[in-house]
$ cat protein.cif   # mmCIF, C-alpha atoms and all ligand atoms
data_my_file
#
loop_
_atom_site.group_PDB
_atom_site.id
_atom_site.type_symbol
_atom_site.label_atom_id
_atom_site.label_comp_id
_atom_site.auth_asym_id
_atom_site.auth_seq_id
_atom_site.Cartn_x
_atom_site.Cartn_y
_atom_site.Cartn_z
ATOM 1 C CA MET A 1 -17.394 -56.968 -108.311
ATOM 2 C CA LEU A 2 -16.348 -56.408 -104.688
ATOM 3 C CA ASN A 3 -19.955 -56.926 -103.589
ATOM 4 C CA GLN A 4 -20.241 -60.155 -105.541
ATOM 5 C CA VAL A 5 -17.043 -61.467 -103.957
ATOM 6 C CA ALA A 6 -18.270 -60.430 -100.505
ATOM 7 C CA ASP A 7 -21.540 -62.308 -101.182
ATOM 8 C CA ILE A 8 -19.647 -65.461 -102.014
ATOM 9 C CA ILE A 9 -17.354 -65.201 -99.004
ATOM 10 C CA SER A 10 -20.332 -64.620 -96.722
ATOM 11 C CA ASN A 11 -21.741 -67.961 -97.843
ATOM 12 C CA CYS A 12 -18.552 -70.001 -97.427
ATOM 13 C CA THR A 13 -16.782 -71.452 -94.424
ATOM 14 C CA VAL A 14 -13.431 -72.690 -95.746
ATOM 15 C CA GLY A 15 -11.009 -70.288 -97.362
ATOM 16 C CA ALA A 16 -7.390 -70.114 -98.400
ATOM 17 C CA ALA A 17 -5.043 -67.570 -99.907
ATOM 18 C CA LEU A 18 -1.775 -67.836 -101.778
ATOM 19 C CA THR A 19 0.492 -64.829 -101.527
ATOM 20 C CA GLY A 20 3.612 -63.875 -103.442
ATOM 21 C CA ALA A 21 6.100 -61.047 -103.377
ATOM 22 C CA GLY A 22 3.440 -58.521 -104.468
ATOM 23 C CA ILE A 23 1.697 -58.560 -101.064
ATOM 24 C CA SER A 24 4.888 -57.149 -99.521
ATOM 25 C CA ALA A 25 5.661 -54.702 -102.346
ATOM 26 C CA GLU A 26 3.799 -51.885 -100.589
ATOM 27 C CA SER A 27 5.926 -52.544 -97.496
ATOM 28 C CA GLY A 28 9.019 -51.849 -99.579
ATOM 29 C CA VAL A 29 10.194 -55.427 -100.157
ATOM 30 C CA PRO A 30 11.281 -55.754 -103.787
ATOM 31 C CA THR A 31 9.526 -58.364 -105.932
ATOM 32 C CA PHE A 32 11.488 -60.850 -108.059
ATOM 33 C CA ARG A 33 10.156 -60.239 -111.562
ATOM 34 C CA GLY A 34 9.066 -57.066 -113.348
ATOM 35 C CA GLN A 35 10.979 -53.861 -114.035
ATOM 36 C CA GLN A 36 12.238 -53.311 -110.489
ATOM 37 C CA GLY A 37 12.485 -57.016 -109.680
ATOM 38 C CA LEU A 38 15.460 -58.569 -107.889
ATOM 39 C CA TRP A 39 16.020 -61.055 -110.709
ATOM 40 C CA LYS A 40 16.599 -58.099 -113.077
ATOM 41 C CA LYS A 41 19.629 -57.038 -111.032
ATOM 42 C CA PHE A 42 20.863 -60.348 -109.647
ATOM 43 C CA ARG A 43 21.289 -63.771 -111.147
ATOM 44 C CA PRO A 44 19.371 -66.371 -109.177
ATOM 45 C CA GLU A 45 21.743 -69.165 -110.159
ATOM 46 C CA GLN A 46 24.618 -67.274 -108.507
ATOM 47 C CA LEU A 47 22.740 -66.562 -105.286
ATOM 48 C CA ALA A 48 19.886 -68.949 -104.717
ATOM 49 C CA THR A 49 21.160 -72.437 -105.555
ATOM 50 C CA MET A 50 23.117 -75.090 -103.708
ATOM 51 C CA GLU A 51 25.811 -74.900 -106.405
ATOM 52 C CA ALA A 52 26.262 -71.194 -105.705
ATOM 53 C CA PHE A 53 26.530 -71.823 -101.971
ATOM 54 C CA LEU A 54 29.085 -74.581 -102.386
ATOM 55 C CA ALA A 55 31.155 -72.428 -104.759
ATOM 56 C CA SER A 56 30.920 -69.092 -102.896
ATOM 57 C CA PRO A 57 29.142 -69.315 -99.549
ATOM 58 C CA ASP A 58 30.420 -65.837 -98.640
ATOM 59 C CA VAL A 59 28.708 -64.237 -101.665
ATOM 60 C CA VAL A 60 25.469 -66.072 -100.943
ATOM 61 C CA TRP A 61 25.564 -65.007 -97.283
ATOM 62 C CA GLU A 62 26.265 -61.380 -98.218
ATOM 63 C CA TRP A 63 23.102 -61.432 -100.313
ATOM 64 C CA TYR A 64 21.001 -63.034 -97.577
ATOM 65 C CA ASN A 65 22.406 -60.694 -94.904
ATOM 66 C CA TRP A 66 21.439 -57.782 -97.147
ATOM 67 C CA ARG A 67 17.917 -59.158 -97.597
ATOM 68 C CA ARG A 68 17.549 -59.917 -93.881
ATOM 69 C CA GLU A 69 18.488 -56.333 -93.092
ATOM 70 C CA LEU A 70 16.145 -54.921 -95.713
ATOM 71 C CA ILE A 71 13.258 -57.068 -94.505
ATOM 72 C CA SER A 72 13.835 -56.399 -90.814
ATOM 73 C CA ASP A 73 13.506 -52.667 -91.553
ATOM 74 C CA VAL A 74 10.033 -52.924 -93.111
ATOM 75 C CA SER A 75 6.576 -53.270 -91.581
ATOM 76 C CA PRO A 76 3.508 -55.191 -92.688
ATOM 77 C CA ASN A 77 1.093 -53.179 -94.841
ATOM 78 C CA PRO A 78 -2.736 -53.011 -94.865
ATOM 79 C CA GLY A 79 -2.828 -56.049 -97.196
ATOM 80 C CA HIS A 80 -1.151 -58.269 -94.584
ATOM 81 C CA TYR A 81 -3.529 -56.998 -91.889
ATOM 82 C CA ALA A 82 -6.566 -57.524 -94.111
ATOM 83 C CA LEU A 83 -5.555 -61.144 -94.750
ATOM 84 C CA LYS A 84 -5.294 -61.663 -90.995
ATOM 85 C CA GLU A 85 -8.795 -60.175 -90.623
ATOM 86 C CA MET A 86 -10.073 -62.473 -93.358
ATOM 87 C CA GLU A 87 -9.916 -65.248 -90.743
ATOM 88 C CA ASP A 88 -12.970 -63.687 -89.088
ATOM 89 C CA PHE A 89 -15.162 -64.533 -92.073
ATOM 90 C CA PHE A 90 -14.339 -68.236 -92.355
ATOM 91 C CA SER A 91 -14.283 -71.100 -89.873
ATOM 92 C CA LYS A 92 -10.990 -72.190 -91.423
ATOM 93 C CA PHE A 93 -8.628 -69.945 -93.352
ATOM 94 C CA THR A 94 -5.162 -71.014 -94.502
ATOM 95 C CA LEU A 95 -2.561 -68.535 -95.592
ATOM 96 C CA ILE A 96 -0.126 -70.127 -98.003
ATOM 97 C CA THR A 97 2.818 -67.916 -98.886
ATOM 98 C CA GLN A 98 5.779 -68.083 -101.204
ATOM 99 C CA ASN A 99 7.356 -65.235 -99.275
ATOM 100 C CA VAL A 100 10.192 -65.752 -96.836
ATOM 101 C CA ASP A 101 9.792 -62.318 -95.223
ATOM 102 C CA ASN A 102 7.846 -63.415 -92.128
ATOM 103 C CA LEU A 103 5.346 -60.519 -92.453
ATOM 104 C CA HIS A 104 2.224 -62.729 -92.282
ATOM 105 C CA ARG A 105 3.466 -64.054 -88.943
ATOM 106 C CA VAL A 106 4.225 -60.531 -87.713
ATOM 107 C CA VAL A 107 0.541 -59.572 -88.088
ATOM 108 C CA GLY A 108 -0.507 -62.791 -86.376
ATOM 109 C CA SER A 109 -2.130 -64.800 -89.173
ATOM 110 C CA SER A 110 -2.892 -68.108 -87.477
ATOM 111 C CA ARG A 111 -2.367 -70.796 -90.074
ATOM 112 C CA VAL A 112 0.617 -69.767 -92.193
ATOM 113 C CA LEU A 113 2.232 -72.260 -94.561
ATOM 114 C CA GLU A 114 5.610 -70.974 -95.758
ATOM 115 C CA LEU A 115 6.288 -72.864 -98.980
ATOM 116 C CA HIS A 116 9.734 -71.359 -99.555
ATOM 117 C CA GLY A 117 10.919 -71.228 -95.943
ATOM 118 C CA ASN A 118 11.656 -68.227 -93.759
ATOM 119 C CA ILE A 119 14.611 -65.919 -94.266
ATOM 120 C CA TYR A 120 15.292 -65.679 -90.518
ATOM 121 C CA HIS A 121 15.653 -69.443 -90.081
ATOM 122 C CA ASN A 122 18.986 -71.249 -90.383
ATOM 123 C CA LYS A 123 19.914 -74.845 -90.981
ATOM 124 C CA CYS A 124 22.997 -76.980 -91.595
ATOM 125 C CA VAL A 125 23.920 -77.312 -95.259
ATOM 126 C CA ASP A 126 24.978 -80.934 -94.741
ATOM 127 C CA CYS A 127 22.692 -82.618 -92.198
ATOM 128 C CA GLY A 128 19.745 -80.186 -92.389
ATOM 129 C CA LEU A 129 19.613 -79.655 -88.611
ATOM 130 C CA ALA A 130 17.658 -76.513 -87.680
ATOM 131 C CA LEU A 131 20.064 -74.025 -86.104
ATOM 132 C CA ALA A 132 19.534 -70.941 -83.941
ATOM 133 C CA GLU A 133 17.693 -68.061 -85.609
ATOM 134 C CA ASP A 134 19.640 -65.283 -83.991
ATOM 135 C CA LEU A 135 23.031 -66.256 -85.410
ATOM 136 C CA GLU A 136 24.995 -63.286 -86.739
ATOM 137 C CA ILE A 137 26.551 -64.570 -89.922
ATOM 138 C CA ASP A 138 29.953 -63.207 -90.845
ATOM 139 C CA PRO A 139 30.301 -64.230 -94.510
ATOM 140 C CA SER A 140 34.084 -64.592 -94.121
ATOM 141 C CA ALA A 141 33.735 -66.884 -91.085
ATOM 142 C CA ILE A 142 30.460 -68.780 -91.457
ATOM 143 C CA PRO A 143 29.448 -70.619 -88.265
ATOM 144 C CA VAL A 144 29.197 -74.393 -88.435
ATOM 145 C CA CYS A 145 26.731 -77.005 -87.235
ATOM 146 C CA GLY A 146 27.494 -78.407 -83.762
ATOM 147 C CA LYS A 147 26.474 -81.883 -84.868
ATOM 148 C CA CYS A 148 28.347 -82.432 -88.138
ATOM 149 C CA GLY A 149 30.514 -79.374 -88.800
ATOM 150 C CA GLY A 150 28.594 -78.371 -91.943
ATOM 151 C CA GLN A 151 28.223 -74.675 -92.714
ATOM 152 C CA VAL A 152 25.126 -72.737 -91.734
ATOM 153 C CA ARG A 153 22.785 -71.785 -94.582
ATOM 154 C CA PRO A 154 19.494 -69.877 -94.629
ATOM 155 C CA ASP A 155 16.467 -72.181 -94.362
ATOM 156 C CA VAL A 156 14.870 -71.077 -97.606
ATOM 157 C CA VAL A 157 14.107 -73.076 -100.706
ATOM 158 C CA TRP A 158 16.645 -72.550 -103.465
ATOM 159 C CA PHE A 159 16.156 -73.213 -107.160
ATOM 160 C CA GLY A 160 16.305 -76.910 -107.865
ATOM 161 C CA GLU A 161 15.383 -77.846 -104.287
ATOM 162 C CA MET A 162 12.303 -79.665 -103.043
ATOM 163 C CA LEU A 163 9.783 -77.767 -100.981
ATOM 164 C CA PRO A 164 9.364 -78.875 -97.353
ATOM 165 C CA GLY A 165 7.198 -81.994 -97.770
ATOM 166 C CA ASP A 166 4.822 -81.530 -94.849
ATOM 167 C CA VAL A 167 4.143 -77.883 -95.682
ATOM 168 C CA MET A 168 3.421 -78.763 -99.289
ATOM 169 C CA GLU A 169 1.063 -81.579 -98.335
ATOM 170 C CA PHE A 170 -0.925 -79.277 -96.050
ATOM 171 C CA ALA A 171 -1.017 -76.598 -98.748
ATOM 172 C CA PHE A 172 -2.413 -78.925 -101.408
ATOM 173 C CA ALA A 173 -4.894 -80.474 -98.987
ATOM 174 C CA ASP A 174 -6.156 -77.059 -97.868
ATOM 175 C CA ALA A 175 -6.337 -75.797 -101.459
ATOM 176 C CA GLU A 176 -8.574 -78.744 -102.304
ATOM 177 C CA LYS A 177 -10.867 -78.080 -99.372
ATOM 178 C CA ALA A 178 -11.153 -74.346 -99.947
ATOM 179 C CA GLU A 179 -14.467 -72.964 -101.150
ATOM 180 C CA VAL A 180 -12.819 -69.609 -101.814
ATOM 181 C CA PHE A 181 -9.198 -69.315 -102.923
ATOM 182 C CA ILE A 182 -7.588 -65.874 -103.163
ATOM 183 C CA THR A 183 -4.266 -65.375 -104.971
ATOM 184 C CA VAL A 184 -2.493 -62.172 -104.102
ATOM 185 C CA GLY A 185 0.590 -60.604 -105.647
ATOM 186 C CA THR A 186 2.073 -63.597 -107.367
ATOM 187 C CA SER A 187 3.182 -63.895 -110.983
ATOM 188 C CA ALA A 188 2.021 -67.536 -110.750
ATOM 189 C CA LEU A 189 5.040 -68.733 -112.688
ATOM 190 C CA VAL A 190 6.898 -70.780 -110.085
ATOM 191 C CA GLN A 191 5.881 -74.376 -109.448
ATOM 192 C CA PRO A 192 4.544 -76.086 -107.486
ATOM 193 C CA ALA A 193 2.979 -72.996 -105.852
ATOM 194 C CA ALA A 194 1.407 -71.943 -109.156
ATOM 195 C CA SER A 195 -0.606 -75.180 -109.228
ATOM 196 C CA LEU A 196 -2.402 -74.475 -105.961
ATOM 197 C CA PRO A 197 -5.016 -72.090 -107.420
ATOM 198 C CA LEU A 198 -5.697 -74.604 -110.198
ATOM 199 C CA VAL A 199 -6.114 -77.445 -107.719
ATOM 200 C CA ALA A 200 -8.515 -75.309 -105.694
ATOM 201 C CA LYS A 201 -10.525 -74.291 -108.747
ATOM 202 C CA ARG A 202 -10.719 -77.847 -110.053
ATOM 203 C CA ALA A 203 -12.057 -78.918 -106.667
ATOM 204 C CA GLY A 204 -14.819 -76.315 -106.944
ATOM 205 C CA ALA A 205 -13.411 -73.191 -105.274
ATOM 206 C CA THR A 206 -14.238 -69.697 -106.420
ATOM 207 C CA LEU A 207 -10.887 -68.308 -107.556
ATOM 208 C CA ILE A 208 -10.155 -64.645 -106.876
ATOM 209 C CA GLU A 209 -7.011 -62.925 -108.085
ATOM 210 C CA ILE A 210 -5.598 -59.605 -106.874
ATOM 211 C CA ASN A 211 -2.700 -58.252 -108.912
ATOM 212 C CA PRO A 212 -2.096 -54.930 -110.700
ATOM 213 C CA GLU A 213 -0.805 -56.944 -113.685
ATOM 214 C CA ARG A 214 -2.344 -59.794 -115.640
ATOM 215 C CA THR A 215 -0.955 -63.271 -114.935
ATOM 216 C CA PRO A 216 -1.600 -66.756 -116.342
ATOM 217 C CA LEU A 217 -4.334 -67.018 -113.696
ATOM 218 C CA SER A 218 -6.255 -63.955 -114.850
ATOM 219 C CA ASP A 219 -8.324 -65.824 -117.448
ATOM 220 C CA ILE A 220 -8.966 -68.779 -115.184
ATOM 221 C CA ALA A 221 -9.989 -66.775 -112.131
ATOM 222 C CA ASP A 222 -13.674 -66.182 -111.452
ATOM 223 C CA PHE A 223 -12.807 -62.656 -110.330
ATOM 224 C CA SER A 224 -9.580 -60.920 -111.289
ATOM 225 C CA PHE A 225 -8.941 -57.534 -109.702
ATOM 226 C CA ARG A 226 -6.300 -55.289 -111.318
ATOM 227 C CA ALA A 227 -5.414 -53.602 -108.046
ATOM 228 C CA LYS A 228 -2.825 -53.262 -105.327
ATOM 229 C CA SER A 229 -3.409 -55.704 -102.506
ATOM 230 C CA GLY A 230 -2.783 -53.058 -99.817
ATOM 231 C CA GLU A 231 -5.760 -51.154 -101.212
ATOM 232 C CA LEU A 232 -8.183 -53.815 -102.411
ATOM 233 C CA LEU A 233 -7.975 -56.280 -99.518
ATOM 234 C CA PRO A 234 -8.871 -53.680 -96.850
ATOM 235 C CA GLN A 235 -11.809 -52.558 -99.032
ATOM 236 C CA LEU A 236 -13.030 -56.135 -99.198
ATOM 237 C CA VAL A 237 -12.713 -56.507 -95.425
ATOM 238 C CA THR A 238 -14.695 -53.289 -94.931
ATOM 239 C CA VAL A 239 -17.533 -54.585 -97.118
ATOM 240 C CA LEU A 240 -17.489 -57.913 -95.280
ATOM 241 C CA ARG A 241 -17.552 -56.179 -91.862
ATOM 242 C CA GLU A 242 -20.512 -54.061 -92.898
ATOM 243 C CA ARG A 243 -22.417 -57.166 -93.919
ATOM 244 C CA GLN A 244 -21.472 -58.905 -90.713
ATOM 245 C CA LYS A 245 -22.892 -55.970 -88.756
ATOM 246 C CA GLY A 246 -25.999 -55.894 -90.910
ATOM 247 C CA ALA A 247 -26.567 -59.608 -90.421
ATOM 248 C CA GLY A 248 -25.931 -59.401 -86.690
ATOM 249 C CA GLY A 249 -22.725 -61.382 -87.029
ATOM 250 C CA LYS A 250 -22.054 -64.536 -88.993
HETATM 251 P P1 LIG A 301 7.127 -62.216 -108.586
HETATM 252 O O1 LIG A 301 8.156 -61.162 -108.405
HETATM 253 O O2 LIG A 301 7.332 -63.209 -109.658
HETATM 254 O O3 LIG A 301 5.706 -61.556 -108.837
HETATM 255 C C1 LIG A 301 5.222 -60.533 -108.030
HETATM 256 C C2 LIG A 301 3.816 -60.211 -108.475
HETATM 257 O O4 LIG A 301 3.302 -59.213 -107.609
HETATM 258 C C3 LIG A 301 3.716 -59.659 -109.894
HETATM 259 O O5 LIG A 301 2.729 -60.395 -110.604
HETATM 260 C C4 LIG A 301 3.276 -58.205 -109.695
HETATM 261 O O6 LIG A 301 2.410 -57.736 -110.712
HETATM 262 C C5 LIG A 301 2.539 -58.289 -108.364
HETATM 263 N N1 LIG A 301 2.476 -57.044 -107.588
HETATM 264 C C6 LIG A 301 3.346 -56.002 -107.582
HETATM 265 N N2 LIG A 301 2.930 -55.042 -106.727
HETATM 266 C C7 LIG A 301 1.765 -55.482 -106.184
HETATM 267 C C8 LIG A 301 0.844 -54.945 -105.227
HETATM 268 N N3 LIG A 301 1.029 -53.761 -104.665
HETATM 269 N N4 LIG A 301 -0.246 -55.697 -104.912
HETATM 270 C C9 LIG A 301 -0.450 -56.905 -105.479
HETATM 271 N N5 LIG A 301 0.384 -57.444 -106.369
HETATM 272 C C10 LIG A 301 1.485 -56.755 -106.728
HETATM 273 O O7 LIG A 301 6.945 -62.911 -107.149
HETATM 274 P P2 LIG A 301 6.354 -64.353 -106.785
HETATM 275 O O8 LIG A 301 5.203 -64.697 -107.655
HETATM 276 O O9 LIG A 301 6.158 -64.342 -105.323
HETATM 277 O O10 LIG A 301 11.139 -68.147 -105.082
HETATM 278 O O11 LIG A 301 7.585 -65.272 -107.129
HETATM 279 C C11 LIG A 301 7.545 -66.616 -106.821
HETATM 280 C C12 LIG A 301 8.895 -67.114 -106.405
HETATM 281 O O12 LIG A 301 9.887 -66.765 -107.388
HETATM 282 C C13 LIG A 301 9.451 -66.487 -105.142
HETATM 283 O O13 LIG A 301 8.952 -67.083 -103.964
HETATM 284 C C14 LIG A 301 10.912 -66.740 -105.271
HETATM 285 C C15 LIG A 301 11.096 -66.342 -106.715
HETATM 286 O O14 LIG A 301 12.185 -66.894 -107.351
HETATM 287 C C16 LIG A 301 12.194 -68.588 -104.385
HETATM 288 O O15 LIG A 301 13.027 -67.835 -103.924
HETATM 289 C C17 LIG A 301 12.233 -70.072 -104.222
HETATM 290 ZN ZN ZN A 302 24.978 -80.599 -89.573
#
$ encode --input "protein.cif" --output "structure tokens"
Amino acid sequence: MLNQVADIISNCTVGAALTGAGISAESGVPTFRGQQGLWKKFRPEQLATMEAFLASPDVVWEWYNWRRELISDVSPNPGHYALKEMEDFFSKFTLITQNVDNLHRVVGSSRVLELHGNIYHNKCVDCGLALAEDLEIDPSAIPVCGKCGGQVRPDVVWFGEMLPGDVMEFAFADAEKAEVFITVGTSALVQPAASLPLVAKRAGATLIEINPERTPLSDIADFSFRAKSGELLPQLVTVLRERQKGAGGK
């Protein structure tokens, strides 16, 4: 199956990937669903909604400070590096992620579209102004926006909120143009991200899924690998590199 996928990639020029929490699982970032998932231990409506922030901004900030700390202690894994390397096999490769953990940027992926924001970014809860990234947030004395006095909040997408419009437009446009679309480590349950693989497939892309568990995409995908992304993606890159060498470069 890996050889077939490598064949297809070798004959394509436009690619895209959609990643979810699973790509960072091997780095030690907990996923949201599943046995060990964050949403088993925490209630999203009490931590990741505007209502929660307005009712208890201190509780919400404690949770985000905890996640910031956890994420700043981890490193990218071979799956992140392999997706960066994937750029070498396409003339255009877009990395669309639902993750807020910044790890695709850490490895230097060039075109990263963060659908759900970035956990290190801050903005004003009232006027939306982007605020400094290096703010230390004391949950009992939350800094305020210099322009309107609104409290600082993390610049991530909460439940019930719209995704950043420009990012979403680029993501859908690139999904439509992709000849190969790889979904990695996502349960494919959260919209609108979960529609991207379908949009790509409908527009003619070969859909490849990498996930140790089955998802709603598994039956739709042209190739569905039951594997960990930190293992399978580097294997795929190795096969592609060997072909590149054999062919004297693509
Ligand atoms: P989920 O937690 O829903 O799903 C993680 C997926 O990763 C599951 O399908 C696992 O089987 C898979 N997985 C686990 N380990 C893996 C590994 N080593 N390699 C590959 N896959 C692995 O996470 P998402 O699909 O990203 O939204 O969740 C989507 C959104 O729901 C998140 O962005 C977040 C959450 O609520 C917001 O916060 C807005
Ligand atoms: Zn403001």
$ closest_residue --input "protein.cif" --among "A:Gly230, A:Gly246, A:Gly146, A:Gly185" --to "ligand ZN 302 (chain A)" --atoms "all atoms listed in the file"
A:Gly146
$ closest_residue --input "protein.cif" --among "A:Thr183, A:Ser10, A:Thr215, A:Ser91" --to "Ala200 in chain A" --atoms "only C-alpha atoms"
A:Thr183
$ resolve_selection --input "protein.cif" --expression "the PyMOL selection byres (((chain A and resi 150) around 10) and not hetatm)" --output "PyMOL selection string"
chain A and resi 123-129+142-149+151-153
$ residues_around --input "protein.cif" --residues "Glu45 in chain A" --least-positions-apart "5" --cutoff "8 Å" --atoms "all atoms listed in the file" --output "ChimeraX atom specification"
/A:51-52,159
$ residues_around --input "protein.cif" --residues "range 100-108 of chain A" --least-positions-apart "5" --cutoff "8 Å" --atoms "all atoms listed in the file" --output "VMD selection string"
chain A and resid 24 71 75 to 76 80 to 81 84 114 116 to 120 156
$ write_last_selection --input "protein.cif" --atoms "C-alpha atoms" --output "PDB file, in the frame of the given file"
ATOM      1  CA  SER A  24       4.888 -57.149 -99.521  1.00  0.00           C
ATOM      2  CA  ILE A  71      13.258 -57.068 -94.505  1.00  0.00           C
ATOM      3  CA  SER A  75       6.576 -53.270 -91.581  1.00  0.00           C
ATOM      4  CA  PRO A  76       3.508 -55.191 -92.688  1.00  0.00           C
ATOM      5  CA  HIS A  80      -1.151 -58.269 -94.584  1.00  0.00           C
ATOM      6  CA  TYR A  81      -3.529 -56.998 -91.889  1.00  0.00           C
ATOM      7  CA  LYS A  84      -5.294 -61.663 -90.995  1.00  0.00           C
ATOM      8  CA  GLU A 114       5.610 -70.974 -95.758  1.00  0.00           C
ATOM      9  CA  HIS A 116       9.734 -71.359 -99.555  1.00  0.00           C
ATOM     10  CA  GLY A 117      10.919 -71.228 -95.943  1.00  0.00           C
ATOM     11  CA  ASN A 118      11.656 -68.227 -93.759  1.00  0.00           C
ATOM     12  CA  ILE A 119      14.611 -65.919 -94.266  1.00  0.00           C
ATOM     13  CA  TYR A 120      15.292 -65.679 -90.518  1.00  0.00           C
ATOM     14  CA  VAL A 156      14.870 -71.077 -97.606  1.00  0.00           C
TER      15      VAL A 156
END
$ residues_near_ligand --input "protein.cif" --ligand "ligand LIG 301 (chain A)" --cutoff "9 Å" --atoms "all atoms listed in the file" --output "ChimeraX atom specification"
/A:19-27,30-34,37-39,44,48,79,97-100,115-117,156-161,163,184-191,193-194,210-215,226-232
$ closest_residue --input "protein.cif" --among "A:Tyr64, A:Phe93, A:Phe42, A:Phe172" --to "Lys201 in chain A" --atoms "all atoms listed in the file"
A:Phe172
$ closest_residue --input "protein.cif" --among "A:Gln36, A:Ser218, A:Ser56, A:Asn122" --to "ligand ZN 302 (chain A)" --atoms "all atoms listed in the file"
A:Asn122
$ resolve_selection --input "protein.cif" --expression "the PyMOL selection byres (((chain A and resi 235) around 12) and not hetatm)" --output "list in words"
Met1, Leu2, Asn3, Val5, Ala6, Pro78, Gly79, Tyr81, Ala82, Leu83, Glu85, Met86, Ala227, Lys228, Ser229, Gly230, Glu231, Leu232, Leu233, Pro234, Leu236, Val237, Thr238, Val239, Leu240, Arg241 and Glu242 of chain A
$ build_atoms --input "protein.cif" --residues "range 81-86 of chain A" --atoms "all heavy atoms" --output "PDB file, in the coordinates of the input"
ATOM      1  N   TYR A  81      -2.543 -57.079 -92.980  1.00  0.00           N
ATOM      2  CA  TYR A  81      -3.529 -56.998 -91.889  1.00  0.00           C
ATOM      3  C   TYR A  81      -4.906 -57.480 -92.365  1.00  0.00           C
ATOM      4  O   TYR A  81      -5.617 -58.168 -91.639  1.00  0.00           O
ATOM      5  CB  TYR A  81      -3.624 -55.560 -91.344  1.00  0.00           C
ATOM      6  CG  TYR A  81      -2.414 -55.177 -90.515  1.00  0.00           C
ATOM      7  CD1 TYR A  81      -1.377 -54.416 -91.052  1.00  0.00           C
ATOM      8  CD2 TYR A  81      -2.285 -55.613 -89.203  1.00  0.00           C
ATOM      9  CE1 TYR A  81      -0.249 -54.086 -90.305  1.00  0.00           C
ATOM     10  CE2 TYR A  81      -1.163 -55.287 -88.439  1.00  0.00           C
ATOM     11  CZ  TYR A  81      -0.151 -54.524 -89.002  1.00  0.00           C
ATOM     12  OH  TYR A  81       0.952 -54.215 -88.253  1.00  0.00           O
ATOM     13  N   ALA A  82      -5.252 -57.115 -93.592  1.00  0.00           N
ATOM     14  CA  ALA A  82      -6.566 -57.524 -94.111  1.00  0.00           C
ATOM     15  C   ALA A  82      -6.630 -59.047 -94.243  1.00  0.00           C
ATOM     16  O   ALA A  82      -7.674 -59.659 -93.973  1.00  0.00           O
ATOM     17  CB  ALA A  82      -6.835 -56.847 -95.451  1.00  0.00           C
ATOM     18  N   LEU A  83      -5.528 -59.675 -94.631  1.00  0.00           N
ATOM     19  CA  LEU A  83      -5.555 -61.144 -94.750  1.00  0.00           C
ATOM     20  C   LEU A  83      -5.667 -61.797 -93.374  1.00  0.00           C
ATOM     21  O   LEU A  83      -6.250 -62.863 -93.236  1.00  0.00           O
ATOM     22  CB  LEU A  83      -4.306 -61.647 -95.489  1.00  0.00           C
ATOM     23  CG  LEU A  83      -4.357 -61.495 -97.009  1.00  0.00           C
ATOM     24  CD1 LEU A  83      -3.028 -61.897 -97.633  1.00  0.00           C
ATOM     25  CD2 LEU A  83      -5.489 -62.323 -97.619  1.00  0.00           C
ATOM     26  N   LYS A  84      -5.111 -61.161 -92.373  1.00  0.00           N
ATOM     27  CA  LYS A  84      -5.294 -61.663 -90.995  1.00  0.00           C
ATOM     28  C   LYS A  84      -6.777 -61.544 -90.620  1.00  0.00           C
ATOM     29  O   LYS A  84      -7.390 -62.471 -90.091  1.00  0.00           O
ATOM     30  CB  LYS A  84      -4.407 -60.853 -90.039  1.00  0.00           C
ATOM     31  CG  LYS A  84      -4.826 -60.813 -88.593  1.00  0.00           C
ATOM     32  CD  LYS A  84      -4.584 -62.155 -87.905  1.00  0.00           C
ATOM     33  CE  LYS A  84      -5.155 -62.197 -86.506  1.00  0.00           C
ATOM     34  NZ  LYS A  84      -5.746 -63.464 -86.157  1.00  0.00           N
ATOM     35  N   GLU A  85      -7.376 -60.402 -90.962  1.00  0.00           N
ATOM     36  CA  GLU A  85      -8.795 -60.175 -90.623  1.00  0.00           C
ATOM     37  C   GLU A  85      -9.715 -61.128 -91.380  1.00  0.00           C
ATOM     38  O   GLU A  85     -10.812 -61.437 -90.928  1.00  0.00           O
ATOM     39  CB  GLU A  85      -9.197 -58.733 -90.934  1.00  0.00           C
ATOM     40  CG  GLU A  85      -8.637 -57.757 -89.923  1.00  0.00           C
ATOM     41  CD  GLU A  85      -9.300 -56.398 -90.080  1.00  0.00           C
ATOM     42  OE1 GLU A  85     -10.533 -56.304 -89.931  1.00  0.00           O
ATOM     43  OE2 GLU A  85      -8.568 -55.438 -90.390  1.00  0.00           O
ATOM     44  N   MET A  86      -9.259 -61.571 -92.539  1.00  0.00           N
ATOM     45  CA  MET A  86     -10.073 -62.473 -93.358  1.00  0.00           C
ATOM     46  C   MET A  86     -10.449 -63.726 -92.562  1.00  0.00           C
ATOM     47  O   MET A  86     -11.476 -64.356 -92.823  1.00  0.00           O
ATOM     48  CB  MET A  86      -9.264 -62.837 -94.607  1.00  0.00           C
ATOM     49  CG  MET A  86     -10.060 -63.252 -95.796  1.00  0.00           C
ATOM     50  SD  MET A  86     -11.221 -62.016 -96.379  1.00  0.00           S
ATOM     51  CE  MET A  86     -10.146 -61.001 -97.351  1.00  0.00           C
TER      52      MET A  86
END
